[in-house]
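Structure file run.pdb with PDB, C-alpha atoms:
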```
ATOM      1  CA  MET A   1      52.940 124.171 167.280
ATOM      2  CA  LYS A   2      52.603 125.582 163.774
ATOM      3  CA  LYS A   3      56.251 126.663 163.827
ATOM      4  CA  LEU A   4      57.373 123.152 164.820
ATOM      5  CA  THR A   5      55.272 121.559 162.088
ATOM      6  CA  PHE A   6      56.641 124.012 159.497
ATOM      7  CA  SER A   7      60.220 123.342 160.639
ATOM      8  CA  LEU A   8      59.748 119.573 160.316
ATOM      9  CA  CYS A   9      58.278 119.910 156.810
ATOM     10  CA  ALA A  10      61.164 122.135 155.748
ATOM     11  CA  ALA A  11      63.710 119.648 157.104
ATOM     12  CA  VAL A  12      62.052 116.733 155.248
ATOM     13  CA  ALA A  13      62.006 118.738 152.008
ATOM     14  CA  LEU A  14      65.705 119.611 152.286
ATOM     15  CA  ALA A  15      66.633 116.016 153.045
ATOM     16  CA  SER A  16      64.662 114.766 150.038
ATOM     17  CA  ALA A  17      66.355 117.286 147.744
ATOM     18  CA  ALA A  18      69.759 116.290 149.058
ATOM     19  CA  VAL A  19      69.089 112.593 148.469
ATOM     20  CA  ALA A  20      67.702 113.264 144.997
ATOM     21  CA  GLY A  21      70.754 115.375 144.135
ATOM     22  CA  THR A  22      73.103 112.639 145.280
ATOM     23  CA  GLU A  23      71.357 110.040 143.117
ATOM     24  CA  THR A  24      71.453 112.281 140.031
ATOM     25  CA  TYR A  25      75.172 113.007 140.423
ATOM     26  CA  SER A  26      75.925 109.316 140.944
ATOM     27  CA  LYS A  27      74.151 108.318 137.722
ATOM     28  CA  GLU A  28      75.871 111.010 135.671
ATOM     29  CA  SER A  29      79.355 110.093 136.955
ATOM     30  CA  LYS A  30      79.199 106.448 135.907
ATOM     31  CA  SER A  31      82.014 105.697 133.365
ATOM     32  CA  VAL A  32      81.396 103.751 130.149
ATOM     33  CA  THR A  33      84.108 101.171 129.303
ATOM     34  CA  PRO A  34      85.173 101.493 125.631
ATOM     35  CA  PRO A  35      85.082  98.328 123.520
ATOM     36  CA  PRO A  36      88.451  96.549 123.147
ATOM     37  CA  CYS A  37      90.562  97.109 120.019
ATOM     38  CA  PRO A  38      90.181  94.507 117.262
ATOM     39  CA  GLN A  39      93.228  92.231 117.107
ATOM     40  CA  TRP A  40      94.406  92.540 113.492
ATOM     41  CA  TYR A  41      97.897  91.234 114.397
ATOM     42  CA  ALA A  42      98.549  88.567 117.015
ATOM     43  CA  ASP A  43     101.220  86.791 119.022
ATOM     44  CA  ASN A  44     102.259  83.288 117.904
ATOM     45  CA  GLU A  45     101.140  84.057 114.353
ATOM     46  CA  PHE A  46     102.331  82.145 111.271
ATOM     47  CA  ASN A  47     102.430  84.230 108.057
ATOM     48  CA  LEU A  48     102.657  82.952 104.479
ATOM     49  CA  THR A  49     103.099  85.655 101.802
ATOM     50  CA  LEU A  50     102.874  85.226  98.018
ATOM     51  CA  SER A  51     104.309  88.182  96.070
ATOM     52  CA  GLY A  52     105.202  89.392  92.632
ATOM     53  CA  THR A  53     108.718  90.842  92.404
ATOM     54  CA  TYR A  54     110.542  93.443  90.363
ATOM     55  CA  VAL A  55     114.361  93.441  90.437
ATOM     56  CA  ALA A  56     116.477  96.433  89.377
ATOM     57  CA  THR A  57     120.264  96.094  89.257
ATOM     58  CA  GLY A  58     122.478  98.684  90.898
ATOM     59  CA  ASN A  59     124.540  99.115  87.717
ATOM     60  CA  ASP A  60     123.853  99.376  84.020
ATOM     61  CA  TRP A  61     123.477  95.890  82.548
ATOM     62  CA  ARG A  62     126.790  96.292  80.714
ATOM     63  CA  ASN A  63     128.550  96.542  84.085
ATOM     64  CA  ASP A  64     126.402  94.285  86.266
ATOM     65  CA  ARG A  65     128.250  91.037  86.883
ATOM     66  CA  TYR A  66     125.475  88.858  88.325
ATOM     67  CA  PHE A  67     122.135  89.512  86.622
ATOM     68  CA  GLY A  68     123.610  90.928  83.445
ATOM     69  CA  VAL A  69     120.382  92.903  82.870
ATOM     70  CA  ASP A  70     118.839  96.192  84.000
ATOM     71  CA  HIS A  71     115.714  94.603  85.477
ATOM     72  CA  ALA A  72     113.858  91.309  85.892
ATOM     73  CA  TRP A  73     110.397  90.105  86.950
ATOM     74  CA  GLY A  74     109.522  87.129  89.112
ATOM     75  CA  GLY A  75     107.843  85.906  92.280
ATOM     76  CA  ALA A  76     108.582  85.359  95.966
ATOM     77  CA  LEU A  77     107.393  83.230  98.867
ATOM     78  CA  ASP A  78     107.845  84.318 102.495
ATOM     79  CA  ALA A  79     107.163  82.167 105.555
ATOM     80  CA  LYS A  80     107.399  83.894 108.953
ATOM     81  CA  TYR A  81     106.540  82.975 112.523
ATOM     82  CA  PHE A  82     105.839  85.925 114.822
ATOM     83  CA  VAL A  83     106.724  84.840 118.330
ATOM     84  CA  HIS A  84     105.288  88.199 119.408
ATOM     85  CA  ARG A  85     103.049  90.458 117.353
ATOM     86  CA  TYR A  86     106.033  92.841 117.101
ATOM     87  CA  PHE A  87     108.786  90.490 115.842
ATOM     88  CA  GLY A  88     109.288  87.200 114.050
ATOM     89  CA  PHE A  89     111.685  84.891 112.196
ATOM     90  CA  GLY A  90     111.278  83.516 108.712
ATOM     91  CA  VAL A  91     112.548  82.102 105.422
ATOM     92  CA  GLN A  92     112.312  83.936 102.103
ATOM     93  CA  GLY A  93     112.618  82.450  98.635
ATOM     94  CA  TRP A  94     112.403  84.242  95.289
ATOM     95  CA  ALA A  95     113.108  83.695  91.600
ATOM     96  CA  ALA A  96     113.269  86.067  88.608
ATOM     97  CA  ARG A  97     113.671  85.767  84.839
ATOM     98  CA  ALA A  98     116.587  87.715  83.365
ATOM     99  CA  ASP A  99     116.427  88.318  79.612
ATOM    100  CA  SER A 100     119.735  88.554  77.755
ATOM    101  CA  HIS A 101     120.963  91.305  75.409
ATOM    102  CA  GLU A 102     122.930  91.694  72.229
ATOM    103  CA  ILE A 103     124.521  94.998  71.157
ATOM    104  CA  LEU A 104     127.173  96.458  68.881
ATOM    105  CA  ASP A 105     129.392  98.729  70.978
ATOM    106  CA  ASN A 106     132.494 100.644  69.840
ATOM    107  CA  GLY A 107     133.281  98.219  67.081
ATOM    108  CA  PHE A 108     133.008  95.158  69.341
ATOM    109  CA  THR A 109     130.057  92.830  68.993
ATOM    110  CA  ARG A 110     129.047  91.905  72.518
ATOM    111  CA  VAL A 111     126.802  88.853  72.636
ATOM    112  CA  TRP A 112     125.461  86.689  75.443
ATOM    113  CA  GLY A 113     125.850  82.951  75.495
ATOM    114  CA  GLY A 114     123.460  80.373  74.101
ATOM    115  CA  GLU A 115     120.469  81.164  76.323
ATOM    116  CA  GLU A 116     118.324  84.201  75.613
ATOM    117  CA  ALA A 117     116.994  84.188  79.194
ATOM    118  CA  HIS A 118     117.997  82.602  82.482
ATOM    119  CA  ALA A 119     116.492  82.221  85.948
ATOM    120  CA  ILE A 120     118.097  83.705  89.046
ATOM    121  CA  GLY A 121     116.872  83.022  92.572
ATOM    122  CA  GLY A 122     117.705  83.303  96.242
ATOM    123  CA  VAL A 123     116.945  81.771  99.646
ATOM    124  CA  LEU A 124     117.426  83.818 102.848
ATOM    125  CA  GLY A 125     116.728  83.633 106.547
ATOM    126  CA  THR A 126     115.030  86.780 107.908
ATOM    127  CA  PHE A 127     114.330  88.643 111.155
ATOM    128  CA  THR A 128     111.368  91.050 111.014
ATOM    129  CA  LEU A 129     110.238  93.872 113.291
ATOM    130  CA  ARG A 130     106.550  94.779 112.874
ATOM    131  CA  PHE A 131     104.835  97.901 114.243
ATOM    132  CA  PRO A 132     101.008  97.612 114.302
ATOM    133  CA  ILE A 133      99.565 101.116 114.701
ATOM    134  CA  SER A 134      97.070 101.340 117.571
ATOM    135  CA  CYS A 135      93.714  99.791 116.617
ATOM    136  CA  SER A 136      94.240 100.240 112.869
ATOM    137  CA  ARG A 137      94.700  97.618 110.160
ATOM    138  CA  PHE A 138      98.033  99.233 109.183
ATOM    139  CA  ALA A 139     101.451  97.853 110.225
ATOM    140  CA  PRO A 140     104.831  99.059 108.895
ATOM    141  CA  TYR A 141     107.699  96.566 109.134
ATOM    142  CA  VAL A 142     111.455  96.330 108.582
ATOM    143  CA  TRP A 143     113.685  93.301 108.266
ATOM    144  CA  LEU A 144     117.215  91.974 107.891
ATOM    145  CA  GLY A 145     118.097  88.865 105.917
ATOM    146  CA  GLY A 146     121.026  86.768 104.850
ATOM    147  CA  GLY A 147     121.540  83.754 102.611
ATOM    148  CA  GLY A 148     122.540  82.920  99.071
ATOM    149  CA  VAL A 149     121.675  83.714  95.453
ATOM    150  CA  PHE A 150     122.149  81.329  92.564
ATOM    151  CA  GLY A 151     121.764  81.061  88.794
ATOM    152  CA  GLY A 152     123.525  84.337  87.988
ATOM    153  CA  GLY A 153     127.097  85.395  87.400
ATOM    154  CA  ARG A 154     128.648  86.512  84.150
ATOM    155  CA  SER A 155     131.998  85.945  82.501
ATOM    156  CA  HIS A 156     133.430  86.736  79.066
ATOM    157  CA  ASP A 157     136.040  85.898  76.509
ATOM    158  CA  PHE A 158     137.285  87.294  73.187
ATOM    159  CA  VAL A 159     137.358  85.512  69.829
ATOM    160  CA  LEU A 160     138.577  86.566  66.391
ATOM    161  CA  ASP A 161     135.866  87.331  63.870
ATOM    162  CA  PRO A 162     137.005  88.881  60.571
ATOM    163  CA  THR A 163     133.428  89.912  59.767
ATOM    164  CA  GLN A 164     133.462  92.450  62.607
ATOM    165  CA  PRO A 165     134.875  96.007  62.290
ATOM    166  CA  LEU A 166     137.853  95.345  64.578
ATOM    167  CA  GLY A 167     137.951  91.630  63.928
ATOM    168  CA  ILE A 168     137.228  90.810  67.602
ATOM    169  CA  VAL A 169     134.053  89.620  69.319
ATOM    170  CA  ARG A 170     133.568  89.798  73.085
ATOM    171  CA  ARG A 171     131.277  87.021  74.239
ATOM    172  CA  GLU A 172     129.364  87.232  77.553
ATOM    173  CA  PHE A 173     128.085  83.975  78.998
ATOM    174  CA  ASP A 174     126.354  82.629  82.081
ATOM    175  CA  ASP A 175     128.633  81.372  84.806
ATOM    176  CA  SER A 176     125.834  80.186  87.150
ATOM    177  CA  ARG A 177     127.612  80.963  90.401
ATOM    178  CA  THR A 178     126.188  80.816  93.902
ATOM    179  CA  ARG A 179     127.075  83.801  96.077
ATOM    180  CA  ALA A 180     126.326  85.073  99.568
ATOM    181  CA  VAL A 181     123.780  87.905  99.890
ATOM    182  CA  GLY A 182     122.774  90.287 102.671
ATOM    183  CA  GLN A 183     119.417  92.044 102.594
ATOM    184  CA  VAL A 184     117.766  94.999 104.354
ATOM    185  CA  GLY A 185     114.231  96.120 103.634
ATOM    186  CA  GLY A 186     111.061  97.812 104.793
ATOM    187  CA  GLY A 187     107.391  98.034 103.872
ATOM    188  CA  PHE A 188     103.853  97.895 105.214
ATOM    189  CA  GLU A 189     100.880  95.563 105.514
ATOM    190  CA  VAL A 190      97.163  96.357 105.514
ATOM    191  CA  ARG A 191      94.874  93.682 106.959
ATOM    192  CA  PHE A 192      91.494  93.140 105.296
ATOM    193  CA  THR A 193      90.650  90.578 107.986
ATOM    194  CA  PRO A 194      92.718  89.234 110.908
ATOM    195  CA  HIS A 195      93.846  86.469 108.543
ATOM    196  CA  VAL A 196      94.313  88.146 105.137
ATOM    197  CA  GLY A 197      96.438  91.212 104.326
ATOM    198  CA  TRP A 198      98.109  93.105 101.487
ATOM    199  CA  THR A 199     101.893  93.695 101.687
ATOM    200  CA  ASN A 200     104.199  96.081  99.828
ATOM    201  CA  ASP A 201     107.941  96.439 100.444
ATOM    202  CA  ILE A 202     111.337  97.216  98.960
ATOM    203  CA  SER A 203     114.781  95.846  99.807
ATOM    204  CA  TRP A 204     118.419  96.392  98.931
ATOM    205  CA  ASN A 205     120.514  93.276  98.354
ATOM    206  CA  VAL A 206     124.300  93.232  98.665
ATOM    207  CA  VAL A 207     125.907  90.316  96.804
ATOM    208  CA  SER A 208     129.520  89.292  97.405
ATOM    209  CA  GLY A 209     131.777  90.527  94.651
ATOM    210  CA  SER A 210     131.853  93.841  92.815
ATOM    211  CA  ASP A 211     129.015  95.274  90.686
ATOM    212  CA  ASN A 212     126.478  92.677  91.847
ATOM    213  CA  ASN A 213     124.068  94.596  94.087
ATOM    214  CA  PHE A 214     120.393  94.994  93.271
ATOM    215  CA  GLY A 215     117.091  96.339  94.595
ATOM    216  CA  MET A 216     113.838  94.398  94.834
ATOM    217  CA  ALA A 217     110.237  95.607  95.101
ATOM    218  CA  ARG A 218     107.440  93.202  96.087
ATOM    219  CA  SER A 219     103.657  93.337  96.320
ATOM    220  CA  GLY A 220     101.528  90.426  97.442
ATOM    221  CA  ILE A 221      98.916  88.768  99.624
ATOM    222  CA  ASN A 222      99.660  87.593 103.157
ATOM    223  CA  PHE A 223      97.802  84.797 104.932
ATOM    224  CA  ALA A 224      98.016  84.762 108.742
ATOM    225  CA  PHE A 225      97.230  81.688 110.847
TER     226      PHE A 225
END
```

Would you kindly transcribe this structure into structure tokens?
Amino acid sequence: MKKLTFSLCAAVALASAAVAGTETYSKESKSVTPPPCPQWYADNEFNLTLSGTYVATGNDWRNDRYFGVDHAWGGALDAKYFVHRYFGFGVQGWAARADSHEILDNGFTRVWGGEEAHAIGGVLGTFTLRFPISCSRFAPYVWLGGGGVFGGGRSHDFVLDPTQPLGIVRREFDDSRTRAVGQVGGGFEVRFTPHVGWTNDISWNVVSGSDNNFGMARSGINFAF
């Protein structure tokens, strides 16, 4: 009788330990679902970017035939609609102030026309690819654009001037021509909030005609809606 009672007690104890072990293992194996990533960049997002611009011509100002300067400062406005968080279409507009020069070179006086400064601008359609990195606020982007530039273009003539060493003056003057332009660029954006970010980018602009190309650097604030 004692053996039977002892056997029953032992069986109950083993069963209890087994059940307790199963419960402990079950609790420890429960997975914890990580919180979702914050959505810094979204689908169907409209972006409006205000930037300051710096333009540097591809040639020395003596040879550049559109800006007629080495560099210029201005501003830009970009409007883009991202159909998907990774790509979007937009319109870009920019304007810059180009200051004129006057030099004495190899006996020729080379002077610009009546204006000491002139405005040059452009309007382009753009296609942008954006690459938000994981859950971060950081998103590199690249784009292609095409459109027109206006307000630039240089021409020249020669006039006799007996006060000059060789008696000839070469005059440079604004021609204010509109030309086609192609653009390729890349940069990055950092979002402070899902609706406000800081953008920085550079682009290379190819203008129809020789000695007209220029680079552009921009830095500005982007508003996303």

(request) Go through A:Thr163, A:Ser134, A:Asn47, A:Thr33 and flag the residue nearest Gly90 (chain A), using all atoms listed in the file for the distances. (result)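 Closest candidate: A:Asn47.
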
(message) Would you pick out the contacts of Phe67 (chain A) at 7 Å or less, using only C-alpha atoms, so that residues sharing its chain but fewer than 6 positions from it are not included, and give the list as a list in words?
(response)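 Final neighbour list, sorted by chain and number: Ala98, Gly152 and Gly153 of chain A.
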
(message) What's around Ser219 (chain A) at 7 Å? Count only C-alpha atoms, leave out sequence neighbours fewer than 3 positions away in its own chain, and write the answer as a list of chain:residue names.
(response)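 Using only C-alpha atoms, the neighbours found are A:Ser51, A:Gly52, A:Thr53, A:Thr199, A:Asn200, A:Asp201.
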
Using only C-alpha atoms - which residues lie no farther than 12 Å from the point (105.3, 86.8, 121.2) in the file's frame? Write them as a compact mmCIF listing (two decimals) with C-alpha atoms, in the frame of the given file.
```
# COMPACT_ATOMS: atom_id res chain seq x y z
CA TYR A 41 97.90 91.23 114.40
CA ALA A 42 98.55 88.57 117.02
CA ASP A 43 101.22 86.79 119.02
CA ASN A 44 102.26 83.29 117.90
CA GLU A 45 101.14 84.06 114.35
CA PHE A 46 102.33 82.14 111.27
CA TYR A 81 106.54 82.98 112.52
CA PHE A 82 105.84 85.92 114.82
CA VAL A 83 106.72 84.84 118.33
CA HIS A 84 105.29 88.20 119.41
CA ARG A 85 103.05 90.46 117.35
CA TYR A 86 106.03 92.84 117.10
CA PHE A 87 108.79 90.49 115.84
CA GLY A 88 109.29 87.20 114.05
CA PHE A 89 111.68 84.89 112.20
CA LEU A 129 110.24 93.87 113.29
CA ARG A 130 106.55 94.78 112.87
```

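Here CA of Val207 (chain A) and CA of Thr49 (chain A) stand 23.8 Å from one another.
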
(request) Tell me which of A:Ala72, A:Ala224, A:Gly125, A:Phe158 sits closest to Val184 (chain A), counting only C-alpha atoms. (result)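 Using only C-alpha atoms, the shortest distance to Val184 (chain A) belongs to A:Gly125.
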
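Our summary of the geometry notes that CA of His195 (chain A) is positioned 22.9 Å from CA of Trp94 (chain A).
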
(request) Determine, counting only C-alpha atoms, which protein, DNA and RNA residues have an atom within 12 Å of an atom of Cys135 (chain A); residues of the same chain fewer than 4 positions away are not included. Present the result as a PyMOL selection string. (result) chain A and resi 35-41+131+139+191

Restricting the output to C-alpha atoms, write the selected residues as a PDB file, keeping the file's coordinate frame.
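Once written, part.pdb looks like this:
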```pdb
ATOM      1  CA  PRO A  35      85.082  98.328 123.520  1.00  0.00           C
ATOM      2  CA  PRO A  36      88.451  96.549 123.147  1.00  0.00           C
ATOM      3  CA  CYS A  37      90.562  97.109 120.019  1.00  0.00           C
ATOM      4  CA  PRO A  38      90.181  94.507 117.262  1.00  0.00           C
ATOM      5  CA  GLN A  39      93.228  92.231 117.107  1.00  0.00           C
ATOM      6  CA  TRP A  40      94.406  92.540 113.492  1.00  0.00           C
ATOM      7  CA  TYR A  41      97.897  91.234 114.397  1.00  0.00           C
ATOM      8  CA  PHE A 131     104.835  97.901 114.243  1.00  0.00           C
ATOM      9  CA  ALA A 139     101.451  97.853 110.225  1.00  0.00           C
ATOM     10  CA  ARG A 191      94.874  93.682 106.959  1.00  0.00           C
TER      11      ARG A 191
END
```

(request) Find the residues near Gly186 (chain A): any atom within 6 Å, counting only C-alpha atoms, skip ones fewer than 3 places away on the same chain, and give them as a PyMOL selection string. (result) chain A and resi 141-142+201-202
